[in-house]
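Take a look at the structure below.
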Amino acid sequence: MAPLIDDVTAEILLRLPPDEPEHLFRAALVCKPWLRVLCDPGFRRRYRTFHGTPPLLGLLHRLQVIQGDPAPRLAPTTSAPLSPYPNCDRSRALDCRHGRLLLHVWVRGRGWHLIVWDPVTGDQQSLPEPGIPWLIYTAAVFCPVAGCDHLDCHGGPFRVVFVATDDYDELVKAAVYSSETAAWSTPVTLDDGCESYVRHRQDVLAAGVSFYYIPYVEPRRGVVIGDETYFTLREGNAIIKYDWAKNCISMVDPPNPNVYEDVALMVMEDSSLGFPCLENSILYLFSRKVNAEGDAEWVRFRVIKLETVIPVADPDEEPVVVGCAEGVGVIFVSTDVGLFTIKLNSGLVNKVAESGKYFSVLPYMSFYTPDDGRFSSLARLTDV
């Protein structure tokens, strides 16, 4: 009877919501048979597959350069215990993806360096600087394993893409770090060899924004689609594309270089590049469609009047798009009332934080299942 009871118990526990991991902890304390089920590797795999999308466990954010650095803190969105924030004197959260967080930290006596941190397992790996003398920069961290569903990438290999405006020659450069070789690639440069870059520079200068053009990298979170990472430049909504597998950098034209503000790139549910942007409190959603011949075009497929779905206390304070949850169709919008998420498929709006200075929001999403957290030690203590 015990195997049958365990099977029935597993079917019940399988349906506990992943966005409230504390339910798993409470279930584990009910009795030893339940703890045994929860600690089983087969149950953990089924649990992740059954729910599919990792839940939101915490939020970080990055400020504009002139605003300085926010307090080094991962704000939890559940009551599940996460590992302590890495010890540092200053910290800039750059990205989070596939269960990892990428931080740029400054430690007295050591200076700046990158840290890849897993808040669930507590694992931390320090990376050397990428060899680009940065003026302004951004980066991405991700699992590079082909065919991985990214539901359980803890402890596996990772890549870090670093993109920056060089402090000396004021050109955009990029490099990729491999955890398997523990080394950075040779940096590549976005220069006059790229026709889109030359055209973009000419358009910015013709618009009279400045007599001298510097391609400032926008310090926002980028997106990863296959072997390509995408980031934005400050002027003209220009999009940088870096193919990390080929170590090649180029530029993608945006839907409109001069109209939209507050751009935050995203991955759509069909794995295309998404371009949510604001104009007069109206959210426009574009998707970049590529045909069989390789030709690409931007298609506007959604328009949302934010004033009808998100509360704003002061009409003069317009909403701002500050981030996206990758691949699940969720956009983060900041107003003077708070930080909100919008689910594109349902239109559901949810307040996730109080109002504040948000420039680029990083949602940390990961499954918090038994072996990833504290259940293994609990199992040993109860001697199951």
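Labels for the structure tokens follow display order: chains A, B, ..., residues from 1 in each chain, ligands from 1.
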Which residues are close to Glu20 of chain A, i.e. within 10 Å by only C-alpha atoms, leaving aside same-chain residues fewer than 2 positions away? Reply as a list in words.
Leu16, Pro17, Pro18, Glu22, His23, Leu24, Phe25, Pro55, Leu56, Leu57, Thr77, Thr78, Ser79, Ala80 and Tyr368 of chain A
Compile a residue-level contact table for segment 69-96 of chain A against segment 343-364 of chain A at a cut-off of 10 Å, reporting for every qualifying residue the shortest atom pair and its distance in Å to one decimal, with only C-alpha atoms counted, rows ordered by chain and ascending number, as CSV.
residue,atom,partner,partner_atom,distance
A:Pro70,CA,A:Lys357,CA,9.2
A:Leu74,CA,A:Tyr364,CA,8.6
A:Ala75,CA,A:Ala353,CA,9.3
A:Pro76,CA,A:Tyr364,CA,9.0
A:Thr77,CA,A:Val352,CA,7.8
A:Ala93,CA,A:Leu362,CA,7.8
A:Leu94,CA,A:Leu362,CA,7.9
A:Asp95,CA,A:Leu362,CA,6.3
A:Cys96,CA,A:Tyr364,CA,5.8
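Within 10 Å of Pro276 of chain A, once only C-alpha atoms are used and residues closer than 5 positions along the same chain are dropped, the contacting residues are Tyr260, Glu261, Asp262, Val263, Ala264, Leu265, Met266, Leu283, Tyr284, Leu285, Phe286, Ser287, Arg300, Arg302, Val303, Val321, Gly323, Cys324 and Ile331 of chain A.
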Between A:Val333, A:Val204, A:Leu35, A:Arg26, single out the one closest to Thr9 of chain A, counting only C-alpha atoms.
A:Leu35
From a DSSP pass on the backbone, collect the residues of segment 196-289 of chain A flagged as strand (DSSP E) and hand them back as a PyMOL selection string.
chain A and resi 223-225+228-232+239-243+248-252+266-267+273-279+282-289
Nearest candidate to Trp298 of chain A (options A:Glu269, A:Val252, A:Leu151, A:Leu339; using only C-alpha atoms):
A:Val252
State, in Å with one decimal place, the distance from atom CA of Arg90 of chain A to atom CA of Leu114 of chain A.
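Answer for the atom CA of Arg90 of chain A to atom CA of Leu114 of chain A separation: 11.7 Å.
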Write out as a PyMOL selection string all residues of segment 107-281 of chain A that backbone DSSP assigns to alpha helix (DSSP H).
chain A and resi 195-206
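Separating atom CA of Pro21 of chain A from atom CA of Phe367 of chain A is a distance of 8.3 Å.
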